file model.pdb (PDB, C-alpha atoms)
ATOM      1  CA  MET A 753     101.426  42.553 137.581
ATOM      2  CA  ARG A 754      99.642  43.696 134.432
ATOM      3  CA  ARG A 755      97.774  46.287 136.407
ATOM      4  CA  ARG A 756     101.009  47.689 137.731
ATOM      5  CA  LYS A 757     102.494  47.947 134.263
ATOM      6  CA  SER A 758      99.398  49.646 132.895
ATOM      7  CA  ARG A 759      99.373  52.067 135.807
ATOM      8  CA  LEU A 760     103.073  52.671 135.322
ATOM      9  CA  ASN A 761     102.560  53.275 131.599
ATOM     10  CA  SER A 762      99.678  55.652 132.247
ATOM     11  CA  ILE A 763     101.785  57.538 134.807
ATOM     12  CA  ARG A 764     104.662  57.716 132.280
ATOM     13  CA  LYS A 765     102.335  59.044 129.586
ATOM     14  CA  LEU A 766     100.894  61.587 131.983
ATOM     15  CA  PHE A 767     104.393  62.652 133.015
ATOM     16  CA  ASP A 768     105.533  62.929 129.379
ATOM     17  CA  VAL A 769     102.490  65.018 128.465
ATOM     18  CA  SER A 770     102.863  67.353 131.434
ATOM     19  CA  THR A 771     106.623  67.671 130.823
ATOM     20  CA  ARG A 772     106.049  68.467 127.153
ATOM     21  CA  SER A 773     103.423  71.089 127.953
ATOM     22  CA  PHE A 774     105.794  72.598 130.523
ATOM     23  CA  TYR A 775     108.566  72.874 127.918
ATOM     24  CA  ILE A 776     106.154  74.247 125.331
ATOM     25  CA  ASP A 777     104.973  76.891 127.805
ATOM     26  CA  GLN A 778     108.566  77.787 128.666
ATOM     27  CA  MET A 779     109.530  78.009 124.999
ATOM     28  CA  SER A 780     106.490  80.176 124.264
ATOM     29  CA  ASN A 781     107.381  82.542 127.115
ATOM     30  CA  LEU A 782     110.995  82.812 125.934
ATOM     31  CA  MET A 783     109.914  83.509 122.348
ATOM     32  CA  ASN A 784     107.471  86.175 123.534
ATOM     33  CA  GLN A 785     110.151  87.847 125.661
ATOM     34  CA  ALA A 786     112.544  87.846 122.700
ATOM     35  CA  ARG A 787     109.870  89.367 120.444
ATOM     36  CA  LEU A 788     109.208  92.106 123.008
ATOM     37  CA  LYS A 789     112.941  92.877 123.242
ATOM     38  CA  VAL A 790     113.141  93.235 119.464
ATOM     39  CA  LEU A 791     110.117  95.574 119.420
ATOM     40  CA  LYS A 792     111.609  97.670 122.234
ATOM     41  CA  ALA A 793     114.931  97.943 120.390
ATOM     42  CA  ARG A 794     113.092  99.064 117.252
ATOM     43  CA  ASP A 795     111.140 101.706 119.163
ATOM     44  CA  ASP A 796     114.350 102.934 120.810
ATOM     45  CA  MET A 797     115.986 103.253 117.388
ATOM     46  CA  ILE A 798     113.057 105.288 116.056
ATOM     47  CA  MET A 799     113.096 107.541 119.131
ATOM     48  CA  ASP A 800     116.850 108.117 118.691
ATOM     49  CA  MET A 801     116.210 109.039 115.073
ATOM     50  CA  LEU A 802     113.537 111.569 116.101
ATOM     51  CA  ILE A 803     115.864 113.097 118.708
ATOM     52  CA  GLU A 804     118.516 113.518 116.012
ATOM     53  CA  ALA A 805     115.924 115.136 113.732
ATOM     54  CA  ARG A 806     115.074 117.634 116.506
ATOM     55  CA  GLN A 807     118.745 118.514 116.830
ATOM     56  CA  ARG A 808     118.956 119.127 113.075
ATOM     57  CA  LEU A 809     115.904 121.394 113.296
ATOM     58  CA  ALA A 810     117.808 123.575 115.741
ATOM     59  CA  GLU A 811     120.532 123.956 113.095
ATOM     60  CA  ILE A 812     117.986 125.307 110.586
ATOM     61  CA  ALA A 813     117.096 128.140 112.948
ATOM     62  CA  GLN A 814     120.765 129.158 113.037
ATOM     63  CA  ASP A 815     120.793 129.895 109.276
ATOM     64  CA  PRO A 816     118.875 133.191 108.853
ATOM     65  CA  ALA A 817     118.195 132.797 105.113
ATOM     66  CA  ARG A 818     116.719 129.288 105.373
ATOM     67  CA  TYR A 819     114.904 130.071 108.601
ATOM     68  CA  SER A 820     113.253 133.240 107.287
ATOM     69  CA  THR A 821     111.973 131.342 104.227
ATOM     70  CA  LEU A 822     110.644 128.627 106.521
ATOM     71  CA  LEU A 823     108.953 131.200 108.775
ATOM     72  CA  GLU A 824     107.266 132.794 105.766
ATOM     73  CA  GLY A 825     105.744 129.439 104.853
ATOM     74  CA  LEU A 826     104.661 128.692 108.421
ATOM     75  CA  VAL A 827     103.015 132.108 108.846
ATOM     76  CA  LEU A 828     101.174 131.868 105.522
ATOM     77  CA  GLN A 829      99.999 128.373 106.309
ATOM     78  CA  GLY A 830      98.674 129.593 109.672
ATOM     79  CA  PHE A 831      96.734 132.340 107.886
ATOM     80  CA  TYR A 832      95.194 129.828 105.489
ATOM     81  CA  GLN A 833      94.283 127.387 108.236
ATOM     82  CA  LEU A 834      92.495 130.010 110.317
ATOM     83  CA  LEU A 835      90.947 132.140 107.542
ATOM     84  CA  GLU A 836      90.244 134.844 110.120
ATOM     85  CA  GLU A 837      90.220 138.621 109.749
ATOM     86  CA  LYS A 838      92.108 139.199 113.010
ATOM     87  CA  VAL A 839      95.150 137.097 113.854
ATOM     88  CA  VAL A 840      97.668 137.093 116.707
ATOM     89  CA  ILE A 841     101.094 135.516 116.262
ATOM     90  CA  ARG A 842     103.402 134.261 118.990
ATOM     91  CA  CYS A 843     107.030 133.443 118.364
ATOM     92  CA  ARG A 844     110.316 133.247 120.207
ATOM     93  CA  GLN A 845     111.621 136.620 121.357
ATOM     94  CA  GLN A 846     114.735 136.330 119.198
ATOM     95  CA  ASP A 847     112.585 135.713 116.089
ATOM     96  CA  MET A 848     110.467 138.874 116.309
ATOM     97  CA  GLU A 849     112.155 140.696 113.409
ATOM     98  CA  LEU A 850     112.091 137.655 111.122
ATOM     99  CA  VAL A 851     108.433 136.967 111.911
ATOM    100  CA  GLN A 852     107.516 140.626 111.331
ATOM    101  CA  ALA A 853     109.190 140.473 107.923
ATOM    102  CA  ALA A 854     107.353 137.209 107.138
ATOM    103  CA  VAL A 855     104.015 138.763 108.154
ATOM    104  CA  ASN A 856     104.613 141.860 106.025
ATOM    105  CA  LYS A 857     105.463 139.684 103.029
ATOM    106  CA  ASN A 858     102.490 137.309 103.464
ATOM    107  CA  ILE A 859      99.647 139.753 104.152
ATOM    108  CA  PRO A 860      99.291 140.816 100.489
ATOM    109  CA  ILE A 861      99.632 137.212  99.286
ATOM    110  CA  PHE A 862      96.881 136.058 101.649
ATOM    111  CA  GLN A 863      94.571 138.993 100.867
ATOM    112  CA  GLU A 864      94.894 138.446  97.139
ATOM    113  CA  ALA A 865      94.243 134.711  97.399
ATOM    114  CA  VAL A 866      91.322 134.844  99.847
ATOM    115  CA  LYS A 867      89.875 138.256  98.939
ATOM    116  CA  LYS A 868      89.651 139.141 102.641
ATOM    117  CA  HIS A 869      91.317 141.837 104.673
ATOM    118  CA  ILE A 870      93.512 140.573 107.518
ATOM    119  CA  VAL A 871      94.845 142.358 110.596
ATOM    120  CA  VAL A 872      97.881 140.723 112.152
ATOM    121  CA  LYS A 873      99.244 141.507 115.603
ATOM    122  CA  LEU A 874     102.485 140.125 116.995
ATOM    123  CA  ASP A 875     102.140 139.213 120.655
ATOM    124  CA  LYS A 876     104.911 141.171 122.372
ATOM    125  CA  ASP A 877     103.823 140.210 125.887
ATOM    126  CA  HIS A 878     103.877 136.412 125.591
ATOM    127  CA  PHE A 879     106.647 134.612 123.748
ATOM    128  CA  LEU A 880     107.258 130.998 122.895
ATOM    129  CA  PRO A 881     110.012 129.447 125.003
ATOM    130  CA  SER A 882     113.505 130.030 123.652
ATOM    131  CA  SER A 883     114.238 126.332 124.232
ATOM    132  CA  ILE A 884     112.156 125.310 121.211
ATOM    133  CA  CYS A 885     113.783 125.142 117.778
ATOM    134  CA  GLY A 886     111.575 127.823 116.268
ATOM    135  CA  GLY A 887     108.351 128.430 114.417
ATOM    136  CA  VAL A 888     105.169 130.281 115.295
ATOM    137  CA  GLU A 889     101.787 129.849 116.915
ATOM    138  CA  VAL A 890      98.946 131.608 115.123
ATOM    139  CA  TYR A 891      95.762 132.444 117.068
ATOM    140  CA  ASN A 892      92.445 133.841 115.931
ATOM    141  CA  GLY A 893      91.426 137.291 117.223
ATOM    142  CA  ASN A 894      89.940 136.088 120.510
ATOM    143  CA  GLY A 895      92.638 133.464 121.122
ATOM    144  CA  LYS A 896      90.310 130.462 121.191
ATOM    145  CA  ILE A 897      91.657 128.765 118.058
ATOM    146  CA  LYS A 898      95.365 128.037 117.745
ATOM    147  CA  VAL A 899      97.476 126.756 114.864
ATOM    148  CA  SER A 900     100.739 125.515 116.292
ATOM    149  CA  ASN A 901     103.369 125.739 113.582
ATOM    150  CA  THR A 902     106.424 125.257 115.755
ATOM    151  CA  LEU A 903     109.147 123.093 114.299
ATOM    152  CA  GLU A 904     108.759 120.503 117.050
ATOM    153  CA  ASN A 905     105.002 120.195 116.482
ATOM    154  CA  ARG A 906     105.539 119.845 112.749
ATOM    155  CA  LEU A 907     108.095 117.084 113.343
ATOM    156  CA  GLU A 908     105.717 115.234 115.683
ATOM    157  CA  LEU A 909     102.903 115.477 113.174
ATOM    158  CA  LEU A 910     105.108 114.228 110.380
ATOM    159  CA  ALA A 911     106.475 111.383 112.507
ATOM    160  CA  GLN A 912     102.963 110.202 113.409
ATOM    161  CA  GLN A 913     101.765 110.309 109.819
ATOM    162  CA  MET A 914     104.816 108.620 108.371
ATOM    163  CA  MET A 915     105.492 106.038 111.091
ATOM    164  CA  PRO A 916     104.427 103.049 108.929
ATOM    165  CA  GLU A 917     106.726 104.175 106.092
ATOM    166  CA  ILE A 918     109.556 104.823 108.539
ATOM    167  CA  ARG A 919     109.234 101.329 109.983
ATOM    168  CA  VAL A 920     109.175  99.720 106.533
ATOM    169  CA  SER A 921     112.232 101.648 105.365
ATOM    170  CA  LEU A 922     114.187 100.850 108.546
ATOM    171  CA  PHE A 923     113.134  97.276 109.231
ATOM    172  CA  GLY A 924     111.514  96.004 106.035
ATOM    173  CA  ALA A 925     107.922  95.005 105.401
ATOM    174  CA  ASN A 926     106.098  93.049 108.082
ATOM    175  CA  PRO A 927     105.335  89.570 106.676
ATOM    176  CA  ASN A 928     102.412  89.146 109.087
ATOM    177  CA  ARG A 929     100.578  92.203 107.824
ATOM    178  CA  LYS A 930      97.732  91.485 105.407
ATOM    179  CA  PHE A 931      96.792  95.018 104.384
ATOM    180  CA  THR A 932      99.078  97.918 103.560
ATOM    181  CA  ASP A 933      96.704 100.858 103.297
TER     182      ASP A 933
END
call {"tool": "encode", "arguments": {"input": "model.pdb", "output": "structure tokens"}}
result
Amino acid sequence: MRRRKSRLNSIRKLFDVSTRSFYIDQMSNLMNQARLKVLKARDDMIMDMLIEARQRLAEIAQDPARYSTLLEGLVLQGFYQLLEEKVVIRCRQQDMELVQAAVNKNIPIFQEAVKKHIVVKLDKDHFLPSSICGGVEVYNGNGKIKVSNTLENRLELLAQQMMPEIRVSLFGANPNRKFTD
């Protein structure tokens, strides 16, 4: 009789332990799934924000005064990044006049700053797609080095660099993070 009770008790203990571990595993799986859903919702929110930013970039290209000032900065930055004597610029077909004006304005600025002569050619055979928001691509003379200063590329670059700050401002600081470089 005692043996039966001890066996019964050991079976009960074994059952309780296995049942508890089953519930713990289930709870862990549910918590993990919930955490993944929250992370997915956060990523979706950030992607929606970036899509809205792209749409606002398209509005900038519609304002000729703002867009020409922006193009001047993008062209000059391309010159400084390449530091080449011969440069080829690609832009959207509808931006040719604005880019030509930006080039004419920036050549003397660049030459005075770098003390180098620069020859700039606008590529009239190959254009950037009209579906992009705007900007330019600046190539060195032989076309092997490219500086992509399109508005979309600039937004992507900015989004990658500022992603930690964006997450903190949208969702607050992560309490599990030890270092905030």
call {"tool": "closest_residue", "arguments": {"input": "model.pdb", "among": "A:Lys857, A:Arg806, A:Arg794, A:Arg787", "to": "A:Leu903", "atoms": "all atoms listed in the file"}}
result
A:Arg806
call {"tool": "resolve_selection", "arguments": {"input": "model.pdb", "expression": "the PyMOL selection byres ((chain A and resi 872-885) around 9)", "output": "PyMOL selection string"}}
result
chain A and resi 806-807+809-813+837-846+848+851-852+855+859+870-871+886-889+893+902-904
call {"tool": "write_last_selection", "arguments": {"input": "model.pdb", "atoms": "C-alpha atoms", "output": "PDB file, keeping the file's coordinate frame"}}
result
ATOM      1  CA  ARG A 806     115.074 117.634 116.506  1.00  0.00           C
ATOM      2  CA  GLN A 807     118.745 118.514 116.830  1.00  0.00           C
ATOM      3  CA  LEU A 809     115.904 121.394 113.296  1.00  0.00           C
ATOM      4  CA  ALA A 810     117.808 123.575 115.741  1.00  0.00           C
ATOM      5  CA  GLU A 811     120.532 123.956 113.095  1.00  0.00           C
ATOM      6  CA  ILE A 812     117.986 125.307 110.586  1.00  0.00           C
ATOM      7  CA  ALA A 813     117.096 128.140 112.948  1.00  0.00           C
ATOM      8  CA  GLU A 837      90.220 138.621 109.749  1.00  0.00           C
ATOM      9  CA  LYS A 838      92.108 139.199 113.010  1.00  0.00           C
ATOM     10  CA  VAL A 839      95.150 137.097 113.854  1.00  0.00           C
ATOM     11  CA  VAL A 840      97.668 137.093 116.707  1.00  0.00           C
ATOM     12  CA  ILE A 841     101.094 135.516 116.262  1.00  0.00           C
ATOM     13  CA  ARG A 842     103.402 134.261 118.990  1.00  0.00           C
ATOM     14  CA  CYS A 843     107.030 133.443 118.364  1.00  0.00           C
ATOM     15  CA  ARG A 844     110.316 133.247 120.207  1.00  0.00           C
ATOM     16  CA  GLN A 845     111.621 136.620 121.357  1.00  0.00           C
ATOM     17  CA  GLN A 846     114.735 136.330 119.198  1.00  0.00           C
ATOM     18  CA  MET A 848     110.467 138.874 116.309  1.00  0.00           C
ATOM     19  CA  VAL A 851     108.433 136.967 111.911  1.00  0.00           C
ATOM     20  CA  GLN A 852     107.516 140.626 111.331  1.00  0.00           C
ATOM     21  CA  VAL A 855     104.015 138.763 108.154  1.00  0.00           C
ATOM     22  CA  ILE A 859      99.647 139.753 104.152  1.00  0.00           C
ATOM     23  CA  ILE A 870      93.512 140.573 107.518  1.00  0.00           C
ATOM     24  CA  VAL A 871      94.845 142.358 110.596  1.00  0.00           C
ATOM     25  CA  GLY A 886     111.575 127.823 116.268  1.00  0.00           C
ATOM     26  CA  GLY A 887     108.351 128.430 114.417  1.00  0.00           C
ATOM     27  CA  VAL A 888     105.169 130.281 115.295  1.00  0.00           C
ATOM     28  CA  GLU A 889     101.787 129.849 116.915  1.00  0.00           C
ATOM     29  CA  GLY A 893      91.426 137.291 117.223  1.00  0.00           C
ATOM     30  CA  THR A 902     106.424 125.257 115.755  1.00  0.00           C
ATOM     31  CA  LEU A 903     109.147 123.093 114.299  1.00  0.00           C
ATOM     32  CA  GLU A 904     108.759 120.503 117.050  1.00  0.00           C
TER      33      GLU A 904
END
call {"tool": "atom_distance", "arguments": {"input": "model.pdb", "atom1": "atom CA of A:Leu850", "atom2": "atom CA of A:Ser820"}}
result
6.0 Å
call {"tool": "resolve_selection", "arguments": {"input": "model.pdb", "expression": "the PyMOL selection byres ((chain A and resi 923) around 12)", "output": "MDAnalysis selection string"}}
result
chainID A and resid 790:791 793:795 797:798 915:922 924:927
call {"tool": "atom_distance", "arguments": {"input": "model.pdb", "atom1": "atom CA of A:Asp800", "atom2": "atom CA of A:Ala911"}}
result
12.5 Å
call {"tool": "atom_distance", "arguments": {"input": "model.pdb", "atom1": "atom CA of A:Phe931", "atom2": "atom CA of A:Gln912"}}
result
18.7 Å
call {"tool": "closest_residue", "arguments": {"input": "model.pdb", "among": "A:Asn905, A:Phe862, A:Ile776, A:Arg929", "to": "A:Gln829", "atoms": "only C-alpha atoms"}}
result
A:Phe862
call {"tool": "closest_residue", "arguments": {"input": "model.pdb", "among": "A:Val866, A:Leu822, A:Lys792, A:Asn928", "to": "A:Arg906", "atoms": "all atoms listed in the file"}}
result
A:Leu822
call {"tool": "decode", "arguments": {"input": "model.pdb", "residues": "stretch 835-847 of chain A", "atoms": "all heavy atoms", "output": "PDB file, in the first residue's frame"}}
result
ATOM      1  N   LEU A 835      36.089  65.855 -56.468  1.00  0.00           N
ATOM      2  CA  LEU A 835      37.343  66.600 -56.638  1.00  0.00           C
ATOM      3  C   LEU A 835      38.051  66.219 -57.936  1.00  0.00           C
ATOM      4  O   LEU A 835      39.259  65.997 -57.970  1.00  0.00           O
ATOM      5  CB  LEU A 835      38.279  66.387 -55.439  1.00  0.00           C
ATOM      6  CG  LEU A 835      37.850  67.022 -54.130  1.00  0.00           C
ATOM      7  CD1 LEU A 835      38.791  66.608 -53.012  1.00  0.00           C
ATOM      8  CD2 LEU A 835      37.768  68.531 -54.243  1.00  0.00           C
ATOM      9  N   GLU A 836      37.298  66.139 -59.008  1.00  0.00           N
ATOM     10  CA  GLU A 836      37.823  65.785 -60.319  1.00  0.00           C
ATOM     11  C   GLU A 836      37.861  67.014 -61.219  1.00  0.00           C
ATOM     12  O   GLU A 836      37.156  67.987 -60.986  1.00  0.00           O
ATOM     13  CB  GLU A 836      36.937  64.715 -60.978  1.00  0.00           C
ATOM     14  CG  GLU A 836      36.918  63.391 -60.260  1.00  0.00           C
ATOM     15  CD  GLU A 836      38.108  62.520 -60.587  1.00  0.00           C
ATOM     16  OE1 GLU A 836      38.678  62.660 -61.686  1.00  0.00           O
ATOM     17  OE2 GLU A 836      38.461  61.691 -59.727  1.00  0.00           O
ATOM     18  N   GLU A 837      38.664  66.944 -62.269  1.00  0.00           N
ATOM     19  CA  GLU A 837      38.748  68.052 -63.219  1.00  0.00           C
ATOM     20  C   GLU A 837      37.683  67.953 -64.302  1.00  0.00           C
ATOM     21  O   GLU A 837      37.301  68.952 -64.890  1.00  0.00           O
ATOM     22  CB  GLU A 837      40.141  68.106 -63.848  1.00  0.00           C
ATOM     23  CG  GLU A 837      41.205  68.485 -62.844  1.00  0.00           C
ATOM     24  CD  GLU A 837      42.589  68.546 -63.453  1.00  0.00           C
ATOM     25  OE1 GLU A 837      42.727  68.324 -64.670  1.00  0.00           O
ATOM     26  OE2 GLU A 837      43.523  68.811 -62.696  1.00  0.00           O
ATOM     27  N   LYS A 838      37.239  66.727 -64.591  1.00  0.00           N
ATOM     28  CA  LYS A 838      36.162  66.518 -65.564  1.00  0.00           C
ATOM     29  C   LYS A 838      35.019  65.812 -64.860  1.00  0.00           C
ATOM     30  O   LYS A 838      35.214  64.784 -64.211  1.00  0.00           O
ATOM     31  CB  LYS A 838      36.650  65.679 -66.738  1.00  0.00           C
ATOM     32  CG  LYS A 838      37.656  66.377 -67.609  1.00  0.00           C
ATOM     33  CD  LYS A 838      38.037  65.525 -68.790  1.00  0.00           C
ATOM     34  CE  LYS A 838      39.062  66.253 -69.652  1.00  0.00           C
ATOM     35  NZ  LYS A 838      39.457  65.451 -70.801  1.00  0.00           N
ATOM     36  N   VAL A 839      33.808  66.357 -65.042  1.00  0.00           N
ATOM     37  CA  VAL A 839      32.635  65.849 -64.341  1.00  0.00           C
ATOM     38  C   VAL A 839      31.467  65.768 -65.319  1.00  0.00           C
ATOM     39  O   VAL A 839      31.312  66.627 -66.185  1.00  0.00           O
ATOM     40  CB  VAL A 839      32.280  66.787 -63.164  1.00  0.00           C
ATOM     41  CG1 VAL A 839      30.974  66.398 -62.536  1.00  0.00           C
ATOM     42  CG2 VAL A 839      33.372  66.791 -62.121  1.00  0.00           C
ATOM     43  N   VAL A 840      30.675  64.715 -65.192  1.00  0.00           N
ATOM     44  CA  VAL A 840      29.457  64.548 -65.980  1.00  0.00           C
ATOM     45  C   VAL A 840      28.284  64.506 -65.007  1.00  0.00           C
ATOM     46  O   VAL A 840      28.342  63.810 -63.994  1.00  0.00           O
ATOM     47  CB  VAL A 840      29.503  63.253 -66.821  1.00  0.00           C
ATOM     48  CG1 VAL A 840      28.209  63.054 -67.586  1.00  0.00           C
ATOM     49  CG2 VAL A 840      30.699  63.265 -67.755  1.00  0.00           C
ATOM     50  N   ILE A 841      27.223  65.233 -65.338  1.00  0.00           N
ATOM     51  CA  ILE A 841      26.055  65.287 -64.463  1.00  0.00           C
ATOM     52  C   ILE A 841      24.844  64.735 -65.194  1.00  0.00           C
ATOM     53  O   ILE A 841      24.583  65.089 -66.339  1.00  0.00           O
ATOM     54  CB  ILE A 841      25.770  66.733 -64.013  1.00  0.00           C
ATOM     55  CG1 ILE A 841      26.925  67.243 -63.161  1.00  0.00           C
ATOM     56  CG2 ILE A 841      24.462  66.819 -63.238  1.00  0.00           C
ATOM     57  CD1 ILE A 841      26.743  68.642 -62.659  1.00  0.00           C
ATOM     58  N   ARG A 842      24.118  63.860 -64.495  1.00  0.00           N
ATOM     59  CA  ARG A 842      22.845  63.348 -64.999  1.00  0.00           C
ATOM     60  C   ARG A 842      21.731  63.877 -64.112  1.00  0.00           C
ATOM     61  O   ARG A 842      21.866  63.936 -62.892  1.00  0.00           O
ATOM     62  CB  ARG A 842      22.808  61.825 -64.965  1.00  0.00           C
ATOM     63  CG  ARG A 842      23.561  61.191 -66.070  1.00  0.00           C
ATOM     64  CD  ARG A 842      23.277  59.712 -66.142  1.00  0.00           C
ATOM     65  NE  ARG A 842      24.210  59.102 -67.065  1.00  0.00           N
ATOM     66  CZ  ARG A 842      24.549  57.836 -67.038  1.00  0.00           C
ATOM     67  NH1 ARG A 842      24.038  57.027 -66.138  1.00  0.00           N
ATOM     68  NH2 ARG A 842      25.387  57.347 -67.930  1.00  0.00           N
ATOM     69  N   CYS A 843      20.630  64.216 -64.750  1.00  0.00           N
ATOM     70  CA  CYS A 843      19.467  64.698 -64.006  1.00  0.00           C
ATOM     71  C   CYS A 843      18.207  64.254 -64.743  1.00  0.00           C
ATOM     72  O   CYS A 843      18.289  63.610 -65.794  1.00  0.00           O
ATOM     73  CB  CYS A 843      19.510  66.216 -63.870  1.00  0.00           C
ATOM     74  SG  CYS A 843      19.445  67.081 -65.445  1.00  0.00           S
ATOM     75  N   ARG A 844      17.072  64.616 -64.207  1.00  0.00           N
ATOM     76  CA  ARG A 844      15.824  64.350 -64.922  1.00  0.00           C
ATOM     77  C   ARG A 844      15.748  65.301 -66.110  1.00  0.00           C
ATOM     78  O   ARG A 844      16.319  66.393 -66.091  1.00  0.00           O
ATOM     79  CB  ARG A 844      14.614  64.589 -64.022  1.00  0.00           C
ATOM     80  CG  ARG A 844      14.560  63.713 -62.808  1.00  0.00           C
ATOM     81  CD  ARG A 844      13.314  63.934 -62.011  1.00  0.00           C
ATOM     82  NE  ARG A 844      13.123  65.342 -61.669  1.00  0.00           N
ATOM     83  CZ  ARG A 844      12.051  65.809 -61.041  1.00  0.00           C
ATOM     84  NH1 ARG A 844      11.080  65.007 -60.684  1.00  0.00           N
ATOM     85  NH2 ARG A 844      11.945  67.106 -60.757  1.00  0.00           N
ATOM     86  N   GLN A 845      15.064  64.889 -67.152  1.00  0.00           N
ATOM     87  CA  GLN A 845      14.983  65.707 -68.365  1.00  0.00           C
ATOM     88  C   GLN A 845      14.327  67.061 -68.083  1.00  0.00           C
ATOM     89  O   GLN A 845      14.766  68.087 -68.601  1.00  0.00           O
ATOM     90  CB  GLN A 845      14.216  64.960 -69.452  1.00  0.00           C
ATOM     91  CG  GLN A 845      14.319  65.613 -70.802  1.00  0.00           C
ATOM     92  CD  GLN A 845      13.814  64.713 -71.915  1.00  0.00           C
ATOM     93  OE1 GLN A 845      13.254  63.660 -71.664  1.00  0.00           O
ATOM     94  NE2 GLN A 845      14.024  65.121 -73.142  1.00  0.00           N
ATOM     95  N   GLN A 846      13.320  67.071 -67.220  1.00  0.00           N
ATOM     96  CA  GLN A 846      12.639  68.334 -66.933  1.00  0.00           C
ATOM     97  C   GLN A 846      13.470  69.281 -66.062  1.00  0.00           C
ATOM     98  O   GLN A 846      13.141  70.456 -65.936  1.00  0.00           O
ATOM     99  CB  GLN A 846      11.263  68.082 -66.288  1.00  0.00           C
ATOM    100  CG  GLN A 846      11.305  67.397 -64.937  1.00  0.00           C
ATOM    101  CD  GLN A 846      11.042  65.911 -65.028  1.00  0.00           C
ATOM    102  OE1 GLN A 846      11.401  65.259 -65.992  1.00  0.00           O
ATOM    103  NE2 GLN A 846      10.401  65.369 -63.999  1.00  0.00           N
ATOM    104  N   ASP A 847      14.574  68.800 -65.498  1.00  0.00           N
ATOM    105  CA  ASP A 847      15.417  69.636 -64.639  1.00  0.00           C
ATOM    106  C   ASP A 847      16.645  70.196 -65.351  1.00  0.00           C
ATOM    107  O   ASP A 847      17.480  70.839 -64.710  1.00  0.00           O
ATOM    108  CB  ASP A 847      15.900  68.828 -63.424  1.00  0.00           C
ATOM    109  CG  ASP A 847      14.778  68.403 -62.512  1.00  0.00           C
ATOM    110  OD1 ASP A 847      13.696  69.016 -62.575  1.00  0.00           O
ATOM    111  OD2 ASP A 847      14.986  67.457 -61.721  1.00  0.00           O
TER     112      ASP A 847
END
